[in-house]
$ cat input.cif   # mmCIF, C-alpha atoms and all ligand atoms
data_final
#
loop_
_atom_site.label_atom_id
_atom_site.label_comp_id
_atom_site.auth_asym_id
_atom_site.auth_seq_id
_atom_site.Cartn_x
_atom_site.Cartn_y
_atom_site.Cartn_z
CA MET A 1 16.99 5.81 -10.14
CA ARG A 2 14.53 8.71 -10.05
CA ARG A 3 12.87 9.00 -6.68
CA ILE A 4 9.14 9.60 -6.58
CA ILE A 5 8.48 9.71 -2.86
CA VAL A 6 11.02 10.57 -0.18
CA THR A 7 10.45 11.10 3.51
CA GLU A 8 12.85 13.01 5.73
CA ARG A 9 12.85 12.41 9.47
CA LEU A 10 9.14 11.84 9.22
CA GLY A 11 7.28 11.69 12.51
CA TYR A 12 3.67 11.47 13.57
CA ASP A 13 1.95 11.78 16.94
CA TYR A 14 -1.80 11.15 17.05
CA PRO A 15 -3.75 14.01 18.61
CA GLU A 16 -4.36 12.02 21.80
CA GLY A 17 -0.61 11.64 22.24
CA THR A 18 0.39 8.26 20.77
CA ARG A 19 3.77 8.60 19.15
CA ALA A 20 3.16 6.44 16.08
CA LEU A 21 6.19 7.25 13.91
CA ARG A 22 9.62 8.77 14.48
CA ASP A 23 12.50 9.82 12.23
CA VAL A 24 11.52 7.74 9.23
CA ASP A 25 13.70 8.23 6.14
CA LEU A 26 12.23 6.32 3.25
CA GLU A 27 12.70 6.40 -0.51
CA VAL A 28 10.53 5.07 -3.28
CA GLY A 29 12.24 4.97 -6.66
CA GLU A 30 10.45 5.00 -9.98
CA GLY A 31 9.24 1.49 -10.79
CA SER A 32 10.63 0.06 -7.56
CA LYS A 33 9.09 -2.20 -4.94
CA VAL A 34 9.38 -1.27 -1.29
CA ALA A 35 8.23 -3.48 1.58
CA VAL A 36 7.47 -2.02 5.01
CA ILE A 37 7.50 -4.84 7.51
CA GLY A 38 6.57 -4.68 11.17
CA PRO A 39 4.32 -6.20 13.81
CA ASN A 40 0.87 -4.82 14.66
CA GLY A 41 1.05 -1.28 15.95
CA SER A 42 4.51 -0.58 14.54
CA GLY A 43 3.23 2.32 12.42
CA LYS A 44 2.75 0.80 8.95
CA THR A 45 -0.72 2.18 8.27
CA THR A 46 0.21 5.56 9.72
CA LEU A 47 3.21 5.68 7.35
CA LEU A 48 1.11 4.90 4.26
CA ASN A 49 -1.44 7.55 5.26
CA LEU A 50 1.37 10.08 5.56
CA LEU A 51 2.80 9.14 2.15
CA VAL A 52 -0.44 10.04 0.42
CA GLY A 53 -1.16 13.10 2.55
CA LEU A 54 -4.15 11.65 4.39
CA LEU A 55 -2.27 12.58 7.57
CA LYS A 56 -0.07 15.63 8.02
CA PRO A 57 3.28 14.96 9.71
CA THR A 58 3.94 16.34 13.16
CA ALA A 59 7.68 16.21 12.39
CA GLY A 60 9.80 16.01 9.24
CA GLU A 61 8.34 15.97 5.76
CA VAL A 62 7.18 14.02 2.75
CA LEU A 63 8.54 14.97 -0.66
CA PHE A 64 6.70 14.02 -3.81
CA GLU A 65 8.84 14.24 -6.95
CA GLY A 66 11.28 16.42 -5.07
CA ARG A 67 8.76 18.88 -3.68
CA PRO A 68 7.58 18.94 -0.07
CA LEU A 69 3.86 18.26 0.37
CA THR A 70 2.19 21.48 1.35
CA TYR A 71 -1.26 20.12 2.28
CA ASP A 72 -3.20 22.66 0.27
CA ARG A 73 -6.01 21.28 -1.86
CA ARG A 74 -4.17 21.54 -5.13
CA THR A 75 -1.10 19.65 -4.01
CA LEU A 76 -3.14 17.00 -2.26
CA SER A 77 -5.34 16.35 -5.26
CA MET A 78 -2.25 16.17 -7.50
CA VAL A 79 -0.69 13.58 -5.19
CA ARG A 80 -3.87 11.54 -4.85
CA ARG A 81 -4.19 11.40 -8.61
CA GLN A 82 -0.77 9.77 -8.81
CA VAL A 83 -0.75 7.65 -5.68
CA GLY A 84 -3.43 5.00 -5.15
CA VAL A 85 -4.03 3.36 -1.77
CA LEU A 86 -5.38 -0.12 -1.16
CA PHE A 87 -6.78 -0.07 2.35
CA GLN A 88 -6.25 -3.04 4.61
CA ASN A 89 -9.95 -3.83 4.54
CA PRO A 90 -11.30 -3.67 0.97
CA ASP A 91 -14.82 -3.18 2.37
CA ASP A 92 -13.69 0.36 3.23
CA GLN A 93 -13.03 0.93 -0.46
CA LEU A 94 -15.82 -0.68 -2.47
CA PHE A 95 -19.23 0.90 -2.38
CA ALA A 96 -20.88 1.03 -5.82
CA PRO A 97 -23.72 -1.38 -6.67
CA THR A 98 -21.60 -3.30 -9.21
CA VAL A 99 -17.94 -4.05 -9.79
CA TRP A 100 -18.03 -2.17 -13.09
CA GLN A 101 -19.44 0.97 -11.49
CA ASP A 102 -16.95 0.75 -8.70
CA VAL A 103 -13.98 0.63 -11.05
CA ALA A 104 -15.51 3.43 -13.14
CA PHE A 105 -15.88 5.75 -10.14
CA GLY A 106 -12.29 7.08 -10.17
CA PRO A 107 -11.92 7.82 -13.90
CA HIS A 108 -15.48 9.21 -14.01
CA ASN A 109 -14.64 11.54 -11.14
CA MET A 110 -11.57 12.77 -12.99
CA GLY A 111 -13.99 14.16 -15.55
CA LEU A 112 -12.88 11.88 -18.38
CA PRO A 113 -15.21 11.42 -21.35
CA ALA A 114 -17.47 8.34 -21.20
CA GLY A 115 -15.57 6.45 -23.92
CA GLU A 116 -12.27 6.92 -22.11
CA VAL A 117 -13.84 5.84 -18.80
CA ARG A 118 -15.17 2.71 -20.48
CA SER A 119 -11.84 1.74 -22.01
CA ARG A 120 -9.97 2.35 -18.76
CA VAL A 121 -12.45 0.22 -16.82
CA GLU A 122 -12.23 -2.60 -19.37
CA ASN A 123 -8.42 -2.52 -19.27
CA ALA A 124 -8.26 -2.45 -15.50
CA LEU A 125 -10.75 -5.31 -15.11
CA GLU A 126 -8.78 -7.39 -17.56
CA LEU A 127 -5.42 -6.63 -16.00
CA MET A 128 -6.69 -7.71 -12.60
CA GLY A 129 -8.43 -10.78 -14.01
CA VAL A 130 -11.86 -9.72 -12.77
CA GLU A 131 -13.72 -9.12 -16.08
CA GLY A 132 -16.06 -11.96 -15.22
CA LEU A 133 -17.21 -10.18 -12.06
CA ARG A 134 -18.24 -6.92 -13.72
CA ASP A 135 -21.96 -7.12 -12.91
CA LYS A 136 -21.61 -8.50 -9.40
CA PRO A 137 -22.21 -6.45 -6.27
CA PRO A 138 -18.79 -6.05 -4.60
CA HIS A 139 -20.03 -7.18 -1.17
CA LEU A 140 -20.70 -10.67 -2.57
CA LEU A 141 -17.09 -11.23 -3.69
CA SER A 142 -14.41 -13.24 -1.90
CA GLY A 143 -11.66 -11.39 -0.04
CA GLY A 144 -9.16 -11.89 -2.84
CA GLU A 145 -11.63 -10.79 -5.50
CA LYS A 146 -12.47 -7.68 -3.50
CA LYS A 147 -8.81 -6.73 -3.32
CA ARG A 148 -8.29 -7.23 -7.04
CA VAL A 149 -11.39 -5.19 -7.83
CA ALA A 150 -10.22 -2.44 -5.49
CA ILE A 151 -6.82 -2.42 -7.25
CA ALA A 152 -8.58 -2.30 -10.63
CA GLY A 153 -10.38 0.82 -9.38
CA LEU A 154 -7.06 2.35 -8.45
CA ILE A 155 -5.26 1.59 -11.69
CA ALA A 156 -8.18 2.91 -13.74
CA THR A 157 -7.00 6.34 -12.60
CA ASP A 158 -3.51 5.61 -13.98
CA PRO A 159 -1.36 6.14 -10.85
CA LYS A 160 2.43 6.10 -10.69
CA VAL A 161 2.54 4.55 -7.25
CA LEU A 162 0.35 2.09 -5.40
CA LEU A 163 0.41 1.85 -1.62
CA LEU A 164 -0.99 -1.47 -0.41
CA ASP A 165 -1.73 -1.99 3.27
CA GLU A 166 -1.19 -5.65 4.17
CA PRO A 167 -2.42 -6.78 0.74
CA LEU A 168 -2.04 -10.49 1.52
CA GLY A 169 -4.01 -10.29 4.76
CA GLY A 170 -6.92 -12.71 4.89
CA LEU A 171 -6.15 -14.38 1.54
CA ASP A 172 -5.89 -18.13 0.98
CA MET A 173 -3.02 -19.60 -1.09
CA GLU A 174 -4.80 -19.16 -4.39
CA GLY A 175 -5.75 -15.62 -3.45
CA VAL A 176 -2.14 -14.85 -2.61
CA ASP A 177 -0.91 -16.28 -5.94
CA ARG A 178 -3.44 -14.33 -7.95
CA LEU A 179 -2.76 -11.10 -6.15
CA MET A 180 1.00 -11.50 -6.54
CA ASP A 181 0.56 -12.22 -10.26
CA ALA A 182 -1.50 -9.06 -10.57
CA LEU A 183 1.05 -6.95 -8.70
CA GLU A 184 3.86 -8.33 -10.83
CA LEU A 185 2.02 -7.35 -13.98
CA LEU A 186 1.47 -3.81 -12.67
CA ASN A 187 5.08 -3.40 -11.67
CA VAL A 188 6.82 -5.11 -14.56
CA GLU A 189 4.54 -4.21 -17.46
CA LYS A 190 3.18 -0.87 -16.35
CA GLY A 191 6.15 0.32 -14.31
CA ILE A 192 4.01 1.22 -11.31
CA SER A 193 6.01 1.64 -8.10
CA LEU A 194 4.68 -0.45 -5.23
CA VAL A 195 4.89 0.17 -1.52
CA TYR A 196 3.34 -2.56 0.59
CA THR A 197 3.19 -3.55 4.21
CA GLY A 198 3.20 -6.88 5.98
CA HIS A 199 4.17 -8.45 9.28
CA SER A 200 6.65 -11.05 8.07
CA LEU A 201 9.27 -11.54 5.39
CA ASP A 202 6.88 -13.51 3.22
CA ASP A 203 7.19 -14.05 -0.53
CA LEU A 204 5.82 -10.63 -1.32
CA ALA A 205 8.31 -8.96 1.03
CA LEU A 206 11.16 -10.97 -0.48
CA TRP A 207 10.16 -9.78 -3.94
CA ALA A 208 10.77 -6.16 -2.89
CA ASP A 209 13.90 -4.31 -4.02
CA GLU A 210 14.21 -2.88 -0.56
CA ALA A 211 12.61 -3.60 2.79
CA TYR A 212 12.24 -1.42 5.86
CA ILE A 213 11.65 -3.03 9.20
CA LEU A 214 9.56 -0.92 11.53
CA ARG A 215 9.43 -1.34 15.25
CA GLU A 216 7.56 0.99 17.57
CA GLY A 217 7.40 3.63 14.89
CA MET A 218 11.09 3.58 13.99
CA VAL A 219 13.02 2.04 11.10
CA VAL A 220 15.33 -0.48 12.75
CA SER A 221 16.67 -1.98 9.54
CA ARG A 222 16.70 -1.14 5.86
CA GLY A 223 18.09 -3.29 3.06
CA ARG A 224 17.66 -6.28 0.81
CA PRO A 225 14.88 -8.45 2.21
CA GLY A 226 16.73 -11.67 1.34
CA GLU A 227 19.63 -10.62 3.54
CA MET A 228 17.34 -9.64 6.41
CA LEU A 229 15.82 -13.08 6.30
CA LEU A 230 19.18 -14.51 7.39
CA ASP A 231 19.37 -12.28 10.46
CA ARG A 232 17.38 -14.26 13.02
CA GLU A 233 18.38 -11.96 15.89
CA LEU A 234 16.93 -8.99 14.07
CA LEU A 235 13.75 -10.83 13.14
CA MET A 236 13.24 -12.21 16.62
CA GLY A 237 13.97 -8.84 18.21
CA CYS A 238 11.40 -7.15 15.99
CA GLY A 239 8.68 -9.69 16.55
CA LEU A 240 8.83 -10.94 12.96
CA ILE A 241 9.32 -14.60 13.80
CA ARG A 242 7.66 -16.51 16.62
CA LYS A 243 9.63 -17.14 19.78
CA ARG A 244 7.45 -19.92 20.99
CA ARG A 245 6.40 -23.24 19.48
CA LEU A 246 3.86 -25.70 20.78
CA SER A 247 5.42 -28.82 22.22
CA SER A 248 4.10 -32.09 20.88
N1 LIG B 1 -6.51 7.03 15.11
C1 LIG B 1 -5.59 6.74 16.04
N2 LIG B 1 -5.56 7.43 17.19
C2 LIG B 1 -4.63 7.16 18.14
N3 LIG B 1 -3.66 6.23 18.00
C3 LIG B 1 -3.64 5.52 16.86
C4 LIG B 1 -4.60 5.72 15.82
N4 LIG B 1 -4.32 4.87 14.80
C5 LIG B 1 -3.24 4.16 15.20
N5 LIG B 1 -2.83 4.55 16.42
C6 LIG B 1 -1.66 4.05 17.16
O1 LIG B 1 -0.49 4.34 16.43
C7 LIG B 1 0.42 3.25 16.46
C8 LIG B 1 0.70 2.75 15.04
O2 LIG B 1 -0.51 2.26 14.51
P1 LIG B 1 -0.64 1.74 13.01
O3 LIG B 1 -0.01 2.74 12.12
O4 LIG B 1 -2.07 1.42 12.79
O5 LIG B 1 0.25 0.41 13.06
P2 LIG B 1 0.22 -0.87 12.12
O6 LIG B 1 -0.47 -0.50 10.84
O7 LIG B 1 1.66 -1.23 11.94
O8 LIG B 1 -0.52 -1.94 12.85
C9 LIG B 1 -0.21 2.21 17.38
O9 LIG B 1 0.30 2.41 18.67
C10 LIG B 1 -1.69 2.54 17.33
O10 LIG B 1 -2.32 2.18 18.53
MG MG B 2 -2.07 -1.34 9.89
#

$ encode --input "input.cif" --output "structure tokens"
Amino acid sequence: MRRIIVTERLGYDYPEGTRALRDVDLEVGEGSKVAVIGPNGSGKTTLLNLLVGLLKPTAGEVLFEGRPLTYDRRTLSMVRRQVGVLFQNPDDQLFAPTVWQDVAFGPHNMGLPAGEVRSRVENALELMGVEGLRDKPPHLLSGGEKKRVAIAGLIATDPKVLLLDEPLGGLDMEGVDRLMDALELLNVEKGISLVYTGHSLDDLALWADEAYILREGMVVSRGRPGEMLLDRELLMGCGLIRKRRLSS
């Protein structure tokens, strides 16, 4: 399988000294689904920010389609055109007065002609099942709707890869179902590679082709998520299942 993103011994220390990530070797194949699972503070968000060049590694490197990221403006804008990021909190992402305008922002900014912008927005809204929300102000939407609108905005720019930071966070069951349906469509029909984070081996993690378990900034396990699920020691040791239950 062709690899789109590869990291080699990737490390990141925040300027104040926190060692957030160490020696991470990760691969994202074309059209593949990669889950990055770890408890709070294990380095998931830092890793996604490194993959799209929002942070510059303090050790190791990120390769995009075989070439190391060089952090000059040209390379970064090339990568950001092909890699979309869904932030953990969709309120950090949606800002236009209406859903339609929000989804149009990316393609408009790419300098596409108005007709092309319009057709991309219509397609993206339909794919994410949010056509009916087009005239609404984003801040009035439910959490699940906000995430689907934010993803519509990303796919309107036609990326190869989507990075999704805890996409199921804060969603109810219906929200989870609808988001997973949407992601399946993007992956299966459009061939978009997905990299997503979470803090347990939930249904979305089990759907991944490959999972990485992060603990204190290091990859402690890499493999098929279904097999990891059987390794209680590993899960317990990494804080991915609860140790304690309430007594009744
Ligand atoms: N801006 C920052 N400055 C300093 N330390 C940070 C910053 N952001 C995150 N960290 C630290 O880096 C580590 C990894 O954080 P993060 O990548 O946000 O983990 P996760 O997304 O898995 O919860 C944590 O110890 C966190 O406190
Ligand atoms: Mg995070």

$ axis_aligned_box --input "input.cif" --around "stretch 3-22 of chain A" --padding-each-side "3 Å" --output "lines of an AutoDock Vina configuration file"
center_x = 4.3
center_y = 10.2
center_z = 7.8
size_x = 23.2
size_y = 13.6
size_z = 34.9

$ closest_residue --input "input.cif" --among "A:Leu10, A:Val79, A:Leu63, A:Leu164" --to "A:Val28" --atoms "all atoms listed in the file"
A:Leu63

$ atom_distance --input "input.cif" --atom1 "atom CA of A:Gly198" --atom2 "atom CA of A:Lys56"
22.8 Å

$ residues_around --input "input.cif" --residues "stretch 144-155 of chain A" --least-positions-apart "3" --cutoff "6 Å" --atoms "all atoms listed in the file" --output "list of chain:residue names"
A:Gly84, A:Pro90, A:Val103, A:Ala124, A:Leu125, A:Met128, A:Leu141, A:Asp158, A:Leu171, A:Gly175

$ closest_residue --input "input.cif" --among "A:Tyr71, A:Tyr14, A:Trp100, A:Tyr196" --to "ligand MG 2 (chain B)" --atoms "all atoms listed in the file"
A:Tyr196

$ build_atoms --input "input.cif" --residues "stretch 56-85 of chain A" --atoms "N, CA and C atoms" --output "PDB file, in the frame of the given file"
ATOM      1  N   LYS A  56      -1.110  14.605   8.145  1.00  0.00           N
ATOM      2  CA  LYS A  56      -0.070  15.630   8.020  1.00  0.00           C
ATOM      3  C   LYS A  56       0.978  15.375   9.101  1.00  0.00           C
ATOM      4  N   PRO A  57       2.254  15.302   8.726  1.00  0.00           N
ATOM      5  CA  PRO A  57       3.280  14.960   9.710  1.00  0.00           C
ATOM      6  C   PRO A  57       3.307  15.942  10.884  1.00  0.00           C
ATOM      7  N   THR A  58       3.698  15.422  12.040  1.00  0.00           N
ATOM      8  CA  THR A  58       3.940  16.340  13.160  1.00  0.00           C
ATOM      9  C   THR A  58       5.441  16.623  13.277  1.00  0.00           C
ATOM     10  N   ALA A  59       6.242  15.909  12.474  1.00  0.00           N
ATOM     11  CA  ALA A  59       7.680  16.210  12.390  1.00  0.00           C
ATOM     12  C   ALA A  59       8.180  15.752  11.022  1.00  0.00           C
ATOM     13  N   GLY A  60       9.207  16.405  10.510  1.00  0.00           N
ATOM     14  CA  GLY A  60       9.800  16.010   9.240  1.00  0.00           C
ATOM     15  C   GLY A  60       8.864  16.283   8.072  1.00  0.00           C
ATOM     16  N   GLU A  61       9.211  15.710   6.907  1.00  0.00           N
ATOM     17  CA  GLU A  61       8.340  15.970   5.760  1.00  0.00           C
ATOM     18  C   GLU A  61       8.339  14.846   4.731  1.00  0.00           C
ATOM     19  N   VAL A  62       7.321  14.948   3.860  1.00  0.00           N
ATOM     20  CA  VAL A  62       7.180  14.020   2.750  1.00  0.00           C
ATOM     21  C   VAL A  62       7.421  14.807   1.472  1.00  0.00           C
ATOM     22  N   LEU A  63       8.322  14.311   0.620  1.00  0.00           N
ATOM     23  CA  LEU A  63       8.540  14.970  -0.660  1.00  0.00           C
ATOM     24  C   LEU A  63       7.980  14.107  -1.773  1.00  0.00           C
ATOM     25  N   PHE A  64       7.235  14.720  -2.656  1.00  0.00           N
ATOM     26  CA  PHE A  64       6.700  14.020  -3.810  1.00  0.00           C
ATOM     27  C   PHE A  64       7.357  14.622  -5.042  1.00  0.00           C
ATOM     28  N   GLU A  65       8.065  13.772  -5.803  1.00  0.00           N
ATOM     29  CA  GLU A  65       8.840  14.240  -6.950  1.00  0.00           C
ATOM     30  C   GLU A  65       9.674  15.464  -6.610  1.00  0.00           C
ATOM     31  N   GLY A  66      10.333  15.386  -5.463  1.00  0.00           N
ATOM     32  CA  GLY A  66      11.280  16.420  -5.070  1.00  0.00           C
ATOM     33  C   GLY A  66      10.688  17.612  -4.337  1.00  0.00           C
ATOM     34  N   ARG A  67       9.346  17.713  -4.333  1.00  0.00           N
ATOM     35  CA  ARG A  67       8.760  18.880  -3.680  1.00  0.00           C
ATOM     36  C   ARG A  67       8.033  18.501  -2.394  1.00  0.00           C
ATOM     37  N   PRO A  68       8.243  19.257  -1.334  1.00  0.00           N
ATOM     38  CA  PRO A  68       7.580  18.940  -0.070  1.00  0.00           C
ATOM     39  C   PRO A  68       6.055  19.080  -0.205  1.00  0.00           C
ATOM     40  N   LEU A  69       5.325  18.135   0.366  1.00  0.00           N
ATOM     41  CA  LEU A  69       3.860  18.260   0.370  1.00  0.00           C
ATOM     42  C   LEU A  69       3.477  19.475   1.198  1.00  0.00           C
ATOM     43  N   THR A  70       2.563  20.258   0.648  1.00  0.00           N
ATOM     44  CA  THR A  70       2.190  21.480   1.350  1.00  0.00           C
ATOM     45  C   THR A  70       0.785  21.405   1.951  1.00  0.00           C
ATOM     46  N   TYR A  71       0.051  20.357   1.647  1.00  0.00           N
ATOM     47  CA  TYR A  71      -1.260  20.120   2.280  1.00  0.00           C
ATOM     48  C   TYR A  71      -2.329  21.128   1.905  1.00  0.00           C
ATOM     49  N   ASP A  72      -2.103  21.872   0.817  1.00  0.00           N
ATOM     50  CA  ASP A  72      -3.200  22.660   0.270  1.00  0.00           C
ATOM     51  C   ASP A  72      -3.958  21.760  -0.693  1.00  0.00           C
ATOM     52  N   ARG A  73      -5.162  22.169  -1.060  1.00  0.00           N
ATOM     53  CA  ARG A  73      -6.010  21.280  -1.860  1.00  0.00           C
ATOM     54  C   ARG A  73      -5.404  20.882  -3.184  1.00  0.00           C
ATOM     55  N   ARG A  74      -4.724  21.830  -3.810  1.00  0.00           N
ATOM     56  CA  ARG A  74      -4.170  21.540  -5.130  1.00  0.00           C
ATOM     57  C   ARG A  74      -3.095  20.457  -5.071  1.00  0.00           C
ATOM     58  N   THR A  75      -2.187  20.630  -4.126  1.00  0.00           N
ATOM     59  CA  THR A  75      -1.100  19.650  -4.010  1.00  0.00           C
ATOM     60  C   THR A  75      -1.661  18.277  -3.639  1.00  0.00           C
ATOM     61  N   LEU A  76      -2.608  18.288  -2.698  1.00  0.00           N
ATOM     62  CA  LEU A  76      -3.140  17.000  -2.260  1.00  0.00           C
ATOM     63  C   LEU A  76      -3.869  16.289  -3.394  1.00  0.00           C
ATOM     64  N   SER A  77      -4.609  17.048  -4.198  1.00  0.00           N
ATOM     65  CA  SER A  77      -5.340  16.350  -5.260  1.00  0.00           C
ATOM     66  C   SER A  77      -4.367  15.879  -6.339  1.00  0.00           C
ATOM     67  N   MET A  78      -3.275  16.618  -6.551  1.00  0.00           N
ATOM     68  CA  MET A  78      -2.250  16.170  -7.500  1.00  0.00           C
ATOM     69  C   MET A  78      -1.624  14.851  -7.011  1.00  0.00           C
ATOM     70  N   VAL A  79      -1.308  14.791  -5.724  1.00  0.00           N
ATOM     71  CA  VAL A  79      -0.690  13.580  -5.190  1.00  0.00           C
ATOM     72  C   VAL A  79      -1.669  12.405  -5.242  1.00  0.00           C
ATOM     73  N   ARG A  80      -2.905  12.662  -4.877  1.00  0.00           N
ATOM     74  CA  ARG A  80      -3.870  11.540  -4.850  1.00  0.00           C
ATOM     75  C   ARG A  80      -4.194  11.039  -6.240  1.00  0.00           C
ATOM     76  N   ARG A  81      -3.992  11.885  -7.247  1.00  0.00           N
ATOM     77  CA  ARG A  81      -4.190  11.400  -8.610  1.00  0.00           C
ATOM     78  C   ARG A  81      -3.072  10.438  -9.003  1.00  0.00           C
ATOM     79  N   GLN A  82      -1.917  10.585  -8.384  1.00  0.00           N
ATOM     80  CA  GLN A  82      -0.770   9.770  -8.810  1.00  0.00           C
ATOM     81  C   GLN A  82      -0.444   8.622  -7.864  1.00  0.00           C
ATOM     82  N   VAL A  83      -1.028   8.678  -6.679  1.00  0.00           N
ATOM     83  CA  VAL A  83      -0.750   7.650  -5.680  1.00  0.00           C
ATOM     84  C   VAL A  83      -2.064   7.001  -5.247  1.00  0.00           C
ATOM     85  N   GLY A  84      -2.219   5.712  -5.554  1.00  0.00           N
ATOM     86  CA  GLY A  84      -3.430   5.000  -5.150  1.00  0.00           C
ATOM     87  C   GLY A  84      -3.179   4.220  -3.870  1.00  0.00           C
ATOM     88  N   VAL A  85      -4.193   4.111  -3.029  1.00  0.00           N
ATOM     89  CA  VAL A  85      -4.030   3.360  -1.770  1.00  0.00           C
ATOM     90  C   VAL A  85      -5.024   2.218  -1.694  1.00  0.00           C
TER      91      VAL A  85
END
